[in-house]
Amino acid sequence: YGSETTRRRNLDLTLTPATRRVERKLETLEIQFGDLDRAKENLTHKFKLHGETLRRRAAQDEMWVAVLAALELNVLYGYVVELFHYLHSQVLEKVPDLRESLPTFTSILRRKDKNRRIGDVWESVLEVLGWQEGHVRALCAFFVARGREARYCRPSRRLLAASEVTAVMTDGIKNPLLRESLLRAVQTIEKGRTTGAPM
């Protein structure tokens with residue numbers, strides 16, 4: 001009996017360090033599983049927020065533009081493209097020495113907040129036209145949202161007169177800022193054609 005007790009005591013002494021190691025590993029795993037659960041909850045929350053954001057954006061897109069026929073969309077898209085080209089040319093006219101560093105309209109948008117001179121010229125161009133920064137942002141959003149499905153048509157190939165385009169916007173554009181911005185774009189381009197200003 002004594003030898004059996006001694007053997008069990010020795011076995012317990014042998015197992016104790018191993019048991020402690022196992023316990024520590026289990027504790028570590030529990031902590032890791034807890035971290036994983038929290039990470040999963042955070043990801044689930046983020047995905048839910050992202051999904052809500054996408055749904056809001058889709059609803060906003062639907063709100064901005066109702067049902068526009070391909071012809072109508074192409075005409076509006078054409079005016080927006082020409083307006084961007086016109087704004088680009090107006091800025092370059094005031095800073096001809098920066099022509100090489102401002103090859104596109106988007107290069108102006110990227111640099112106007114970083115370069116004081118470009119920013120001042122940009123603001124003066126908008127002021128002369130009676131435009132606000134928000135009008136340009138609305139047109140940029142329209143350009144990005146509808147650019148894939150629209151196709152640029154030269155003025156000579158457009159089958160809608162300016163008055164018809166205005167009617168289309170009144171009926172087809174739900175967002176007031178976008179509607180006003182598109183109307184301003186049409187008026188600016190058409191006025192430039194009438195006065196012979198470069199477009």
# chains A, B, ... in the order shown; residues from 1 in each chain; ligands from 1
>>> residues_around(residues="A:Trp131", least_positions_apart="2", cutoff="12 Å", atoms="only C-alpha atoms", output="ChimeraX atom specification")
/A:83,87,122-129,133-139,177,180-185,187-188
>>> residues_around(residues="A:Leu73", least_positions_apart="2", cutoff="9 Å", atoms="only C-alpha atoms", output="PyMOL selection string")
chain A and resi 68-71+75-78+146+149-151
>>> write_last_selection(atoms="all heavy atoms", output="CSV table (one decimal), in the first residue's frame")
chain,number,residue,atom,x,y,z
A,68,LEU,N,-34.5,58.8,-66.9
A,68,LEU,CA,-34.0,59.6,-68.1
A,68,LEU,C,-33.7,58.7,-69.2
A,68,LEU,O,-33.1,57.6,-69.1
A,68,LEU,CB,-32.7,60.3,-67.7
A,68,LEU,CG,-32.8,61.5,-66.7
A,68,LEU,CD1,-31.4,62.0,-66.4
A,68,LEU,CD2,-33.7,62.6,-67.2
A,69,ALA,N,-34.3,59.0,-70.4
A,69,ALA,CA,-34.0,58.2,-71.6
A,69,ALA,C,-32.5,58.4,-71.9
A,69,ALA,O,-31.8,59.4,-71.5
A,69,ALA,CB,-34.8,58.7,-72.7
A,70,ALA,N,-32.0,57.5,-72.7
A,70,ALA,CA,-30.5,57.5,-73.1
A,70,ALA,C,-30.2,58.8,-73.8
A,70,ALA,O,-29.2,59.4,-73.5
A,70,ALA,CB,-30.2,56.3,-73.9
A,71,LEU,N,-31.1,59.3,-74.7
A,71,LEU,CA,-30.8,60.5,-75.4
A,71,LEU,C,-30.7,61.7,-74.4
A,71,LEU,O,-29.8,62.5,-74.5
A,71,LEU,CB,-32.0,60.7,-76.4
A,71,LEU,CG,-32.0,62.1,-77.1
A,71,LEU,CD1,-30.7,62.3,-77.9
A,71,LEU,CD2,-33.2,62.3,-78.0
A,75,VAL,N,-27.4,64.0,-73.6
A,75,VAL,CA,-27.4,65.5,-73.7
A,75,VAL,C,-26.9,66.2,-72.5
A,75,VAL,O,-26.0,67.1,-72.5
A,75,VAL,CB,-28.8,66.0,-74.1
A,75,VAL,CG1,-28.8,67.5,-74.1
A,75,VAL,CG2,-29.1,65.5,-75.5
A,76,LEU,N,-27.4,65.8,-71.3
A,76,LEU,CA,-27.0,66.4,-70.1
A,76,LEU,C,-25.5,66.1,-69.8
A,76,LEU,O,-24.8,67.0,-69.3
A,76,LEU,CB,-27.8,65.8,-68.9
A,76,LEU,CG,-29.3,66.2,-68.9
A,76,LEU,CD1,-30.1,65.6,-67.8
A,76,LEU,CD2,-29.5,67.7,-68.8
A,77,TYR,N,-25.1,64.9,-70.1
A,77,TYR,CA,-23.7,64.5,-69.9
A,77,TYR,C,-22.8,65.4,-70.8
A,77,TYR,O,-21.7,65.8,-70.3
A,77,TYR,CB,-23.5,63.0,-70.2
A,77,TYR,CG,-22.2,62.5,-70.1
A,77,TYR,CD1,-21.7,62.1,-68.8
A,77,TYR,CD2,-21.3,62.3,-71.2
A,77,TYR,CE1,-20.4,61.6,-68.7
A,77,TYR,CE2,-20.1,61.8,-71.1
A,77,TYR,CZ,-19.6,61.4,-69.8
A,77,TYR,OH,-18.3,60.9,-69.7
A,78,GLY,N,-23.3,65.6,-72.0
A,78,GLY,CA,-22.5,66.5,-72.9
A,78,GLY,C,-22.3,67.9,-72.4
A,78,GLY,O,-21.2,68.4,-72.5
A,146,ARG,N,-23.1,58.7,-63.5
A,146,ARG,CA,-23.8,58.4,-64.7
A,146,ARG,C,-22.8,58.3,-65.9
A,146,ARG,O,-23.2,58.0,-67.0
A,146,ARG,CB,-24.8,59.5,-65.1
A,146,ARG,CG,-25.9,59.6,-64.0
A,146,ARG,CD,-26.7,58.4,-64.0
A,146,ARG,NE,-27.6,58.4,-62.7
A,146,ARG,CZ,-28.5,57.5,-62.5
A,146,ARG,NH1,-28.7,56.5,-63.3
A,146,ARG,NH2,-29.2,57.5,-61.4
A,149,GLU,N,-22.8,55.0,-68.2
A,149,GLU,CA,-23.9,54.7,-69.0
A,149,GLU,C,-24.2,55.8,-70.1
A,149,GLU,O,-25.0,55.6,-71.0
A,149,GLU,CB,-25.2,54.5,-68.2
A,149,GLU,CG,-25.6,55.6,-67.3
A,149,GLU,CD,-26.7,55.3,-66.3
A,149,GLU,OE1,-27.8,55.2,-66.8
A,149,GLU,OE2,-26.4,55.2,-65.1
A,150,ALA,N,-23.5,56.9,-69.9
A,150,ALA,CA,-23.7,58.0,-70.8
A,150,ALA,C,-22.7,58.1,-71.9
A,150,ALA,O,-21.6,57.4,-71.8
A,150,ALA,CB,-23.7,59.4,-70.0
A,151,ARG,N,-23.0,58.8,-73.0
A,151,ARG,CA,-22.1,58.9,-74.1
A,151,ARG,C,-22.1,60.3,-74.6
A,151,ARG,O,-23.1,60.9,-74.7
A,151,ARG,CB,-22.5,58.0,-75.2
A,151,ARG,CG,-21.6,58.0,-76.4
A,151,ARG,CD,-22.0,56.9,-77.4
A,151,ARG,NE,-23.4,57.0,-77.8
A,151,ARG,CZ,-23.8,57.7,-78.9
A,151,ARG,NH1,-22.9,58.4,-79.6
A,151,ARG,NH2,-25.1,57.8,-79.2
>>> atom_distance(atom1="atom CA of A:Ile173", atom2="atom CA of A:Ile108")
27.6 Å
>>> atom_distance(atom1="atom CA of A:Leu98", atom2="atom CA of A:Arg117")
10.2 Å
